[in-house]
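Next comes data_26.cif, a file with mmCIF, C-alpha atoms and all ligand atoms.
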```
data_target
#
loop_
_atom_site.label_atom_id
_atom_site.label_comp_id
_atom_site.auth_asym_id
_atom_site.auth_seq_id
_atom_site.Cartn_x
_atom_site.Cartn_y
_atom_site.Cartn_z
CA MET P 1 208.90 148.96 121.55
CA ASN P 2 209.34 152.64 122.34
CA GLU P 3 209.91 151.92 126.03
CA ASN P 4 212.62 149.47 125.15
CA LEU P 5 214.23 152.06 122.87
CA ALA P 6 213.93 154.75 125.53
CA GLU P 7 215.66 152.47 128.07
CA LYS P 8 218.51 151.71 125.67
CA ILE P 9 218.92 155.43 124.95
CA ALA P 10 218.96 156.24 128.68
CA GLY P 11 221.65 153.58 129.28
CA LEU P 12 223.88 154.83 126.46
CA LYS P 13 223.36 158.41 127.52
CA ARG P 14 224.77 157.62 130.96
CA GLU P 15 227.66 155.63 129.47
CA ARG P 16 228.62 158.46 127.08
CA ASN P 17 227.79 161.34 129.45
CA ALA P 18 225.47 162.67 126.75
CA LEU P 19 222.77 165.34 126.79
CA ILE P 20 219.82 165.15 124.39
CA LEU P 21 218.53 168.51 123.16
CA ALA P 22 215.33 168.70 121.11
CA HIS P 23 213.79 171.60 119.24
CA ASN P 24 210.11 172.41 119.85
CA TYR P 25 209.26 171.09 116.33
CA GLN P 26 210.55 167.56 116.98
CA ARG P 27 208.30 164.49 116.89
CA PRO P 28 206.44 163.91 120.20
CA GLU P 29 208.40 160.75 121.05
CA VAL P 30 211.72 162.55 120.43
CA GLN P 31 210.69 165.47 122.66
CA ASP P 32 209.72 162.92 125.32
CA ILE P 33 213.16 161.29 125.51
CA ALA P 34 215.05 164.62 125.42
CA ASP P 35 216.67 166.16 128.49
CA TYR P 36 215.66 169.56 127.31
CA THR P 37 213.25 170.88 124.67
CA GLY P 38 213.34 174.52 123.58
CA ASP P 39 213.67 177.18 120.90
CA SER P 40 216.88 177.97 119.02
CA LEU P 41 218.09 180.51 121.57
CA GLU P 42 217.31 178.35 124.60
CA LEU P 43 219.04 175.34 123.01
CA SER P 44 222.14 177.43 122.14
CA ARG P 45 222.37 178.54 125.76
CA LYS P 46 222.01 174.93 126.99
CA ALA P 47 224.67 173.75 124.56
CA ALA P 48 227.03 176.46 125.83
CA SER P 49 226.51 175.68 129.52
CA THR P 50 226.35 171.88 129.72
CA ASP P 51 229.24 169.83 131.09
CA ALA P 52 228.18 166.75 129.09
CA ASP P 53 230.82 165.27 126.77
CA VAL P 54 228.33 164.54 123.99
CA ILE P 55 225.37 166.56 122.71
CA VAL P 56 222.76 164.71 120.67
CA PHE P 57 221.01 167.48 118.78
CA CYS P 58 217.48 166.61 117.69
CA GLY P 59 216.82 169.44 115.30
CA VAL P 60 218.30 170.59 112.00
CA HIS P 61 221.89 171.02 110.87
CA PHE P 62 222.39 174.72 111.67
CA MET P 63 221.26 174.10 115.26
CA ALA P 64 223.74 171.27 115.81
CA GLU P 65 226.41 173.39 114.13
CA THR P 66 225.70 176.25 116.54
CA ALA P 67 226.22 173.83 119.44
CA LYS P 68 229.58 172.80 117.94
CA ILE P 69 230.57 176.46 117.38
CA LEU P 70 230.01 177.05 121.10
CA SER P 71 231.50 173.76 122.36
CA PRO P 72 234.24 172.55 120.02
CA GLU P 73 235.59 170.13 122.63
CA LYS P 74 232.29 168.25 122.75
CA THR P 75 231.09 165.62 120.32
CA VAL P 76 227.93 166.96 118.67
CA LEU P 77 225.73 164.35 117.00
CA LEU P 78 222.93 165.13 114.54
CA PRO P 79 220.99 161.82 114.30
CA ASP P 80 220.19 162.40 110.60
CA GLU P 81 222.86 164.27 108.70
CA ASP P 82 220.38 165.18 105.96
CA ALA P 83 218.20 167.17 108.37
CA GLY P 84 218.95 170.57 106.87
CA CYS P 85 217.10 173.87 106.73
CA PRO P 86 216.19 175.06 103.22
CA MET P 87 216.13 178.67 104.42
CA ALA P 88 219.69 178.37 105.76
CA ASP P 89 220.74 177.10 102.31
CA MET P 90 219.33 180.21 100.60
CA ILE P 91 222.54 182.18 101.17
CA THR P 92 226.16 181.04 100.81
CA ALA P 93 229.30 182.67 102.21
CA GLU P 94 230.23 183.77 98.66
CA GLN P 95 226.84 185.40 98.09
CA LEU P 96 227.14 187.16 101.43
CA ASP P 97 230.59 188.51 100.51
CA ARG P 98 229.27 189.86 97.22
CA GLU P 99 226.29 191.51 98.95
CA LYS P 100 228.48 193.07 101.63
CA GLY P 101 230.60 194.62 98.89
CA LYS P 102 227.62 196.73 97.79
CA TYR P 103 227.26 198.76 101.02
CA ASP P 104 229.96 200.88 102.69
CA GLY P 105 230.39 200.17 106.41
CA VAL P 106 227.69 197.49 106.36
CA GLN P 107 226.83 195.58 109.55
CA VAL P 108 225.51 192.05 109.01
CA VAL P 109 222.84 190.59 111.28
CA CYS P 110 222.52 186.91 110.58
CA TYR P 111 219.56 184.79 111.62
CA VAL P 112 220.86 181.69 113.37
CA ASN P 113 219.17 179.66 110.58
CA SER P 114 222.37 179.87 108.50
CA SER P 115 225.57 177.88 107.93
CA ALA P 116 228.70 178.32 110.08
CA ALA P 117 230.45 179.83 107.04
CA VAL P 118 227.73 182.49 106.69
CA LYS P 119 227.84 183.22 110.43
CA ALA P 120 231.61 183.62 110.07
CA GLY P 121 231.05 186.46 107.59
CA SER P 122 228.50 188.20 109.86
CA ASP P 123 228.85 190.67 112.71
CA ILE P 124 226.20 189.23 114.99
CA CYS P 125 223.63 186.43 115.06
CA CYS P 126 220.04 186.58 116.20
CA THR P 127 217.19 184.16 116.69
CA SER P 128 213.49 184.89 116.34
CA ALA P 129 213.42 185.41 120.14
CA ASN P 130 215.92 188.28 120.16
CA ALA P 131 216.05 189.67 116.59
CA VAL P 132 214.37 192.96 117.59
CA GLN P 133 216.77 193.46 120.49
CA VAL P 134 219.81 192.62 118.32
CA VAL P 135 218.84 195.09 115.58
CA GLN P 136 218.16 197.79 118.18
CA ALA P 137 221.72 197.28 119.46
CA MET P 138 223.30 197.92 116.03
CA GLU P 139 225.15 201.17 115.34
CA ALA P 140 223.04 203.98 113.94
CA ASN P 141 224.16 205.62 110.67
CA ARG P 142 225.61 202.42 109.24
CA PRO P 143 223.62 200.16 106.88
CA ILE P 144 222.34 196.86 108.26
CA LEU P 145 222.11 193.80 106.08
CA PHE P 146 219.69 191.22 107.52
CA ILE P 147 220.08 187.63 106.25
CA PRO P 148 218.64 185.21 105.18
CA ASP P 149 214.94 185.51 106.22
CA GLN P 150 213.18 188.40 104.48
CA TYR P 151 210.01 187.93 106.55
CA LEU P 152 211.69 187.94 109.95
CA GLY P 153 213.68 190.95 108.68
CA HIS P 154 210.48 192.68 107.59
CA TYR P 155 208.91 192.02 110.99
CA VAL P 156 211.98 193.42 112.79
CA MET P 157 212.02 196.47 110.53
CA ARG P 158 208.44 197.27 111.51
CA LYS P 159 209.12 196.72 115.22
CA THR P 160 212.35 198.73 115.39
CA HIS P 161 211.71 201.41 112.71
CA ARG P 162 215.27 200.70 111.53
CA GLU P 163 215.96 200.44 107.81
CA LEU P 164 217.26 196.96 106.89
CA VAL P 165 218.60 195.59 103.64
CA LEU P 166 216.79 192.25 103.30
CA TRP P 167 217.99 189.06 101.63
CA PRO P 168 215.17 187.22 99.79
CA GLY P 169 215.27 184.00 101.86
CA TYR P 170 212.19 182.43 103.44
CA CYS P 171 211.01 179.31 105.23
CA PRO P 172 209.06 176.98 102.89
CA THR P 173 207.13 175.59 105.87
CA HIS P 174 205.93 178.94 107.23
CA MET P 175 205.24 180.08 103.68
CA LYS P 176 202.41 177.52 103.60
CA ILE P 177 200.53 179.25 106.40
CA GLY P 178 198.02 181.68 104.86
CA VAL P 179 195.67 184.47 106.00
CA GLU P 180 192.74 182.47 104.67
CA ASP P 181 193.67 179.67 107.11
CA ILE P 182 193.58 182.14 110.00
CA ALA P 183 190.21 183.49 108.82
CA ARG P 184 188.78 179.95 108.65
CA GLN P 185 189.88 179.08 112.19
CA LYS P 186 188.78 182.46 113.56
CA SER P 187 185.30 181.99 112.10
CA ARG P 188 185.05 178.68 113.98
CA TYR P 189 186.64 179.93 117.21
CA PRO P 190 186.01 183.69 117.39
CA ASP P 191 187.23 184.01 121.00
CA ALA P 192 190.54 182.24 120.41
CA ARG P 193 193.79 184.20 120.16
CA VAL P 194 196.12 183.57 117.21
CA LEU P 195 199.88 183.20 117.75
CA VAL P 196 202.21 182.91 114.76
CA HIS P 197 205.96 182.67 114.24
CA PRO P 198 207.72 185.75 112.78
CA GLU P 199 208.94 183.60 109.86
CA CYS P 200 205.36 183.87 108.55
CA ARG P 201 204.49 186.29 105.75
CA PRO P 202 203.66 189.89 106.79
CA ASP P 203 199.94 189.55 105.97
CA VAL P 204 199.76 186.48 108.23
CA ILE P 205 201.54 188.34 111.05
CA ASP P 206 199.08 191.23 110.63
CA ALA P 207 196.12 188.85 110.89
CA ALA P 208 197.46 187.30 114.13
CA ASP P 209 197.37 188.62 117.69
CA GLU P 210 201.07 187.99 118.37
CA ALA P 211 204.22 186.96 116.50
CA LEU P 212 206.48 184.97 118.82
CA SER P 213 209.43 182.58 118.76
CA THR P 214 208.54 178.98 119.59
CA GLY P 215 209.75 179.57 123.16
CA GLY P 216 207.62 182.73 123.28
CA ILE P 217 204.55 180.73 122.23
CA ILE P 218 205.18 178.20 125.03
CA ARG P 219 205.51 181.02 127.61
CA TYR P 220 202.42 182.81 126.31
CA ALA P 221 200.33 179.64 126.78
CA ARG P 222 201.42 179.33 130.42
CA THR P 223 199.62 182.52 131.43
CA TYR P 224 196.76 182.40 128.89
CA ARG P 225 193.34 182.57 130.54
CA GLY P 226 191.17 181.78 127.48
CA ASN P 227 190.00 178.36 126.26
CA THR P 228 191.57 178.09 122.84
CA LEU P 229 194.80 179.13 121.12
CA ILE P 230 195.29 178.96 117.34
CA ILE P 231 198.94 178.32 116.52
CA GLY P 232 200.61 179.35 113.26
CA THR P 233 203.94 177.57 113.15
CA GLU P 234 205.34 174.07 112.64
CA THR P 235 202.81 171.68 114.18
CA GLY P 236 205.39 169.81 116.31
CA ILE P 237 205.01 172.54 118.92
CA LEU P 238 201.44 171.39 119.65
CA HIS P 239 202.75 168.34 121.54
CA ARG P 240 204.67 170.43 124.06
CA LEU P 241 201.82 172.91 124.44
CA ARG P 242 199.30 170.14 125.14
CA LYS P 243 201.66 168.34 127.50
CA GLU P 244 202.58 171.40 129.58
CA ASN P 245 199.26 173.28 129.64
CA PRO P 246 196.52 170.73 128.91
CA GLU P 247 193.70 172.97 130.14
CA VAL P 248 193.93 175.08 126.97
CA GLU P 249 192.79 173.72 123.59
CA TYR P 250 195.41 174.20 120.84
CA LEU P 251 194.59 174.19 117.15
CA PRO P 252 196.95 174.64 114.23
CA VAL P 253 196.22 177.50 111.81
CA THR P 254 196.75 174.76 109.21
CA ASN P 255 198.11 171.21 109.14
CA ARG P 256 200.35 172.22 106.21
CA GLY P 257 202.86 173.73 108.66
CA LEU P 258 205.14 170.72 108.70
CA CYS P 259 208.94 170.84 108.41
CA PRO P 260 210.05 167.57 106.76
CA ASN P 261 213.62 168.13 107.89
CA MET P 262 212.68 168.39 111.57
CA LYS P 263 210.73 165.15 111.15
CA ARG P 264 213.78 163.27 109.85
CA ILE P 265 214.90 162.71 113.44
CA THR P 266 213.37 159.59 114.99
CA ILE P 267 214.11 157.89 118.31
CA GLU P 268 215.63 154.96 116.42
CA LYS P 269 218.11 157.38 114.82
CA VAL P 270 218.83 158.91 118.24
CA LEU P 271 219.71 155.43 119.52
CA TRP P 272 221.88 154.59 116.50
CA SER P 273 223.73 157.88 116.73
CA LEU P 274 224.58 157.17 120.38
CA GLU P 275 225.65 153.62 119.53
CA GLU P 276 227.83 154.62 116.60
CA MET P 277 228.78 158.14 117.77
CA GLU P 278 227.84 159.30 114.27
CA PRO P 279 226.99 161.51 112.37
CA GLN P 280 229.26 164.07 114.02
CA ILE P 281 229.30 167.78 113.27
CA ALA P 282 232.71 169.11 112.15
CA ILE P 283 233.58 172.72 111.32
CA PRO P 284 236.97 174.02 110.09
CA GLU P 285 238.59 175.80 113.06
CA ASP P 286 239.09 179.20 111.35
CA VAL P 287 235.40 179.27 110.30
CA ARG P 288 234.28 178.17 113.76
CA ARG P 289 236.28 180.92 115.50
CA ARG P 290 234.82 183.67 113.32
CA ALA P 291 231.30 182.26 113.65
CA LEU P 292 231.78 182.07 117.43
CA THR P 293 232.34 185.83 117.58
CA ALA P 294 228.93 186.44 115.95
CA VAL P 295 227.16 183.91 118.20
CA GLU P 296 228.85 185.17 121.40
CA ARG P 297 227.92 188.78 120.61
CA MET P 298 224.31 187.66 120.46
CA LEU P 299 224.51 185.67 123.71
CA ALA P 300 226.14 188.61 125.49
CA LEU P 301 223.16 190.91 124.83
P1 LIG P 401 212.69 179.27 117.05
O1 LIG P 401 214.01 179.90 117.27
O2 LIG P 401 211.54 180.19 117.32
O3 LIG P 401 212.60 178.00 117.84
O4 LIG P 401 212.52 178.90 115.51
C1 LIG P 401 213.43 178.13 114.80
C2 LIG P 401 212.94 177.79 113.47
O5 LIG P 401 213.59 177.13 112.71
C3 LIG P 401 211.65 178.28 113.08
O6 LIG P 401 211.32 177.75 111.84
FE1 LIG P 402 214.15 175.80 108.50
FE2 LIG P 402 211.58 176.43 108.25
FE3 LIG P 402 212.24 173.99 109.07
FE4 LIG P 402 212.59 176.13 110.67
S1 LIG P 402 210.66 175.27 109.93
S2 LIG P 402 214.05 174.48 110.31
S3 LIG P 402 213.19 177.68 109.15
S4 LIG P 402 212.70 174.90 107.06
#
```
Would you mind writing the file's structure down as structure tokens?
Amino acid sequence: MNENLAEKIAGLKRERNALILAHNYQRPEVQDIADYTGDSLELSRKAASTDADVIVFCGVHFMAETAKILSPEKTVLLPDEDAGCPMADMITAEQLDREKGKYDGVQVVCYVNSSAAVKAGSDICCTSANAVQVVQAMEANRPILFIPDQYLGHYVMRKTHRELVLWPGYCPTHMKIGVEDIARQKSRYPDARVLVHPECRPDVIDAADEALSTGGIIRYARTYRGNTLIIGTETGILHRLRKENPEVEYLPVTNRGLCPNMKRITIEKVLWSLEEMEPQIAIPEDVRRRALTAVERMLAL
């Protein structure tokens, strides 16, 4: 069944000159039919550099939107239009405008997990892979508003020693990863190292050995010399880790780390989206242009 689907997808991909991008949290079978699997930053760079006419984005809405911001001439398909990111929905462009009004000369650093309209009102974007570097590049002596993830912002503040105004957004999936889960796994596997995503709560980050983007976790595993890694992020990443470096044993901090929106994408929906060329991402041109400035500033760093 899956092989048949994969063949149909491959045929349509050639016909449409399409590229399939998948985030590291996607279902195993979706990762397996993708041309490229990566973190938000890696996928943005791929979307910007491909000469495909169509991008099928297996991820959530803000990721597909970022691809469209960078490549307006391409058709960007999100196989399930309801695959959103609750954290991205925690700030609107109107709320951002009101918040900006409170601080003279404010610079806005916007996590890529945000809508195009919110990016359009921001100075620069960041992902979890480059947030520290982005904040370090901001002008001194001007306030910095970091949106929407308070925990990533908190992590960056500690790393950079820069004062940030934080917006109270958070990821409901990473929120479910607790210090007690780390303690339980560490008691079973005392020699294992613990890697978590910087969207986790500060106490969880403190209890881990490293806080890394999903791409950073993949790279860490490539050079790891121990037997076991305990992973504190969305559990979809375990498939790629096990596939690429099978000699290491990977365990989730907890099985609760599941993003229901990422899991909305199935290979059937990938096929249908290529057949129907729907659902397509559309962004008003004035919003896209302003959002592009913030995304390009990030990519230029
Ligand atoms: P990465 O940029 O690390 O892939 O993370 C994206 C994300 O949505 C994490 O929840
Ligand atoms: Fe958004 Fe969290 Fe899902 Fe990432 S894991 S897409 S931040 S809800």
Expected selection as a ChimeraX atom specification for ligand LIG 402 (chain P) within 7 Å, only C-alpha atoms and all ligand atoms | /P:60,85-88,113,171-174,234,259,261-262
Tell me, counting only C-alpha atoms, for each residue of segment 76-110 of chain P within 10 Å of segment 130-137 of chain P, which pair of atoms is nearest and how far apart they are in Å to one decimal, in rows ordered by chain and increasing number, as a tab-separated table.
```
residue	atom	partner	partner_atom	distance
P:Val108	CA	P:Val135	CA	9.8
P:Val109	CA	P:Val135	CA	7.4
P:Cys110	CA	P:Ala131	CA	9.3
```
Mind dumping the selected residues with C-alpha atoms as a tab-separated table (two decimals), in the coordinates of the input?
```tsv
chain	number	residue	atom	x	y	z
P	108	VAL	CA	225.51	192.05	109.01
P	109	VAL	CA	222.84	190.59	111.28
P	110	CYS	CA	222.52	186.91	110.58
```
Hey, can I get the axis-aligned box for ligand LIG 401 (chain P)? All listed atoms, 4 Å padding on each side, centre and edge lengths in Å to one decimal, as JSON.
```
{"center_x": 212.7, "center_y": 178.7, "center_z": 114.8, "size_x": 10.7, "size_y": 11.1, "size_z": 14.0}
```
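Between atom CA of Glu278 of chain P and atom CA of Glu94 of chain P the separation is 29.1 Å.
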For segment 192-209 of chain P: contacts at 9 Å, only C-alpha atoms, fewer than 6 positions along chain excluded, given as a ChimeraX atom specification | /P:128,149-156,170-171,173-180,182-183,185-186,217,220,226-234,253
Would you save segment 35-70 of chain P to a file, keeping N, CA and C atoms, as a PDB file, in the first residue's frame?
```pdb
ATOM      1  N   ASP P  35      12.288  14.590  -0.029  1.00  0.00           N
ATOM      2  CA  ASP P  35      13.608  14.795  -0.646  1.00  0.00           C
ATOM      3  C   ASP P  35      14.598  15.279   0.395  1.00  0.00           C
ATOM      4  N   TYR P  36      14.067  15.973   1.369  1.00  0.00           N
ATOM      5  CA  TYR P  36      14.953  16.565   2.357  1.00  0.00           C
ATOM      6  C   TYR P  36      14.213  16.686   3.683  1.00  0.00           C
ATOM      7  N   THR P  37      14.861  16.250   4.763  1.00  0.00           N
ATOM      8  CA  THR P  37      14.278  16.376   6.105  1.00  0.00           C
ATOM      9  C   THR P  37      15.210  17.256   6.925  1.00  0.00           C
ATOM     10  N   GLY P  38      14.671  18.184   7.712  1.00  0.00           N
ATOM     11  CA  GLY P  38      15.565  19.063   8.464  1.00  0.00           C
ATOM     12  C   GLY P  38      14.848  19.879   9.513  1.00  0.00           C
ATOM     13  N   ASP P  39      15.594  20.801  10.119  1.00  0.00           N
ATOM     14  CA  ASP P  39      14.992  21.718  11.102  1.00  0.00           C
ATOM     15  C   ASP P  39      14.471  22.961  10.375  1.00  0.00           C
ATOM     16  N   SER P  40      13.881  23.878  11.125  1.00  0.00           N
ATOM     17  CA  SER P  40      13.234  25.037  10.488  1.00  0.00           C
ATOM     18  C   SER P  40      14.222  25.852   9.654  1.00  0.00           C
ATOM     19  N   LEU P  41      15.417  26.050  10.184  1.00  0.00           N
ATOM     20  CA  LEU P  41      16.401  26.863   9.468  1.00  0.00           C
ATOM     21  C   LEU P  41      16.872  26.152   8.205  1.00  0.00           C
ATOM     22  N   GLU P  42      17.173  24.873   8.328  1.00  0.00           N
ATOM     23  CA  GLU P  42      17.642  24.110   7.159  1.00  0.00           C
ATOM     24  C   GLU P  42      16.561  24.076   6.075  1.00  0.00           C
ATOM     25  N   LEU P  43      15.312  23.917   6.479  1.00  0.00           N
ATOM     26  CA  LEU P  43      14.231  23.845   5.486  1.00  0.00           C
ATOM     27  C   LEU P  43      14.005  25.201   4.822  1.00  0.00           C
ATOM     28  N   SER P  44      14.167  26.296   5.588  1.00  0.00           N
ATOM     29  CA  SER P  44      14.042  27.642   4.991  1.00  0.00           C
ATOM     30  C   SER P  44      15.117  27.825   3.930  1.00  0.00           C
ATOM     31  N   ARG P  45      16.332  27.409   4.257  1.00  0.00           N
ATOM     32  CA  ARG P  45      17.431  27.562   3.289  1.00  0.00           C
ATOM     33  C   ARG P  45      17.167  26.720   2.040  1.00  0.00           C
ATOM     34  N   LYS P  46      16.660  25.516   2.196  1.00  0.00           N
ATOM     35  CA  LYS P  46      16.336  24.662   1.046  1.00  0.00           C
ATOM     36  C   LYS P  46      15.267  25.318   0.187  1.00  0.00           C
ATOM     37  N   ALA P  47      14.232  25.836   0.871  1.00  0.00           N
ATOM     38  CA  ALA P  47      13.125  26.463   0.139  1.00  0.00           C
ATOM     39  C   ALA P  47      13.634  27.656  -0.663  1.00  0.00           C
ATOM     40  N   ALA P  48      14.611  28.371  -0.115  1.00  0.00           N
ATOM     41  CA  ALA P  48      15.127  29.564  -0.803  1.00  0.00           C
ATOM     42  C   ALA P  48      15.993  29.185  -1.993  1.00  0.00           C
ATOM     43  N   SER P  49      16.628  28.009  -1.953  1.00  0.00           N
ATOM     44  CA  SER P  49      17.635  27.708  -2.983  1.00  0.00           C
ATOM     45  C   SER P  49      17.148  26.745  -4.071  1.00  0.00           C
ATOM     46  N   THR P  50      16.004  26.114  -3.880  1.00  0.00           N
ATOM     47  CA  THR P  50      15.588  25.102  -4.860  1.00  0.00           C
ATOM     48  C   THR P  50      15.113  25.737  -6.181  1.00  0.00           C
ATOM     49  N   ASP P  51      15.298  25.004  -7.282  1.00  0.00           N
ATOM     50  CA  ASP P  51      14.731  25.499  -8.544  1.00  0.00           C
ATOM     51  C   ASP P  51      13.461  24.716  -8.925  1.00  0.00           C
ATOM     52  N   ALA P  52      12.915  23.980  -7.951  1.00  0.00           N
ATOM     53  CA  ALA P  52      11.633  23.293  -8.198  1.00  0.00           C
ATOM     54  C   ALA P  52      10.525  24.333  -8.407  1.00  0.00           C
ATOM     55  N   ASP P  53       9.465  23.942  -9.105  1.00  0.00           N
ATOM     56  CA  ASP P  53       8.331  24.860  -9.299  1.00  0.00           C
ATOM     57  C   ASP P  53       7.335  24.763  -8.145  1.00  0.00           C
ATOM     58  N   VAL P  54       7.347  23.600  -7.487  1.00  0.00           N
ATOM     59  CA  VAL P  54       6.367  23.335  -6.428  1.00  0.00           C
ATOM     60  C   VAL P  54       7.114  22.833  -5.184  1.00  0.00           C
ATOM     61  N   ILE P  55       6.739  23.374  -4.026  1.00  0.00           N
ATOM     62  CA  ILE P  55       7.290  22.838  -2.765  1.00  0.00           C
ATOM     63  C   ILE P  55       6.129  22.224  -1.993  1.00  0.00           C
ATOM     64  N   VAL P  56       6.258  20.937  -1.670  1.00  0.00           N
ATOM     65  CA  VAL P  56       5.257  20.312  -0.793  1.00  0.00           C
ATOM     66  C   VAL P  56       5.867  20.365   0.598  1.00  0.00           C
ATOM     67  N   PHE P  57       5.269  21.143   1.480  1.00  0.00           N
ATOM     68  CA  PHE P  57       5.860  21.340   2.802  1.00  0.00           C
ATOM     69  C   PHE P  57       5.174  20.447   3.819  1.00  0.00           C
ATOM     70  N   CYS P  58       5.898  19.428   4.277  1.00  0.00           N
ATOM     71  CA  CYS P  58       5.362  18.529   5.301  1.00  0.00           C
ATOM     72  C   CYS P  58       5.851  19.055   6.646  1.00  0.00           C
ATOM     73  N   GLY P  59       5.010  19.854   7.247  1.00  0.00           N
ATOM     74  CA  GLY P  59       5.352  20.505   8.509  1.00  0.00           C
ATOM     75  C   GLY P  59       4.125  21.260   8.959  1.00  0.00           C
ATOM     76  N   VAL P  60       4.294  22.397   9.606  1.00  0.00           N
ATOM     77  CA  VAL P  60       3.128  23.181  10.022  1.00  0.00           C
ATOM     78  C   VAL P  60       3.071  24.503   9.250  1.00  0.00           C
ATOM     79  N   HIS P  61       1.954  25.217   9.426  1.00  0.00           N
ATOM     80  CA  HIS P  61       1.641  26.341   8.551  1.00  0.00           C
ATOM     81  C   HIS P  61       2.743  27.393   8.464  1.00  0.00           C
ATOM     82  N   PHE P  62       3.326  27.782   9.636  1.00  0.00           N
ATOM     83  CA  PHE P  62       4.317  28.865   9.567  1.00  0.00           C
ATOM     84  C   PHE P  62       5.532  28.455   8.736  1.00  0.00           C
ATOM     85  N   MET P  63       5.832  27.176   8.688  1.00  0.00           N
ATOM     86  CA  MET P  63       6.995  26.701   7.926  1.00  0.00           C
ATOM     87  C   MET P  63       6.721  26.826   6.424  1.00  0.00           C
ATOM     88  N   ALA P  64       5.520  26.402   6.015  1.00  0.00           N
ATOM     89  CA  ALA P  64       5.144  26.519   4.607  1.00  0.00           C
ATOM     90  C   ALA P  64       5.054  27.993   4.219  1.00  0.00           C
ATOM     91  N   GLU P  65       4.565  28.817   5.141  1.00  0.00           N
ATOM     92  CA  GLU P  65       4.454  30.254   4.879  1.00  0.00           C
ATOM     93  C   GLU P  65       5.843  30.869   4.683  1.00  0.00           C
ATOM     94  N   THR P  66       6.809  30.415   5.488  1.00  0.00           N
ATOM     95  CA  THR P  66       8.174  30.938   5.341  1.00  0.00           C
ATOM     96  C   THR P  66       8.726  30.585   3.959  1.00  0.00           C
ATOM     97  N   ALA P  67       8.415  29.376   3.486  1.00  0.00           N
ATOM     98  CA  ALA P  67       8.852  28.981   2.138  1.00  0.00           C
ATOM     99  C   ALA P  67       8.226  29.910   1.090  1.00  0.00           C
ATOM    100  N   LYS P  68       6.962  30.260   1.276  1.00  0.00           N
ATOM    101  CA  LYS P  68       6.271  31.144   0.319  1.00  0.00           C
ATOM    102  C   LYS P  68       6.826  32.566   0.402  1.00  0.00           C
ATOM    103  N   ILE P  69       7.159  33.018   1.613  1.00  0.00           N
ATOM    104  CA  ILE P  69       7.760  34.352   1.785  1.00  0.00           C
ATOM    105  C   ILE P  69       9.041  34.429   0.948  1.00  0.00           C
ATOM    106  N   LEU P  70       9.821  33.357   0.978  1.00  0.00           N
ATOM    107  CA  LEU P  70      11.113  33.339   0.288  1.00  0.00           C
ATOM    108  C   LEU P  70      10.970  33.083  -1.212  1.00  0.00           C
TER     109      LEU P  70
END
```
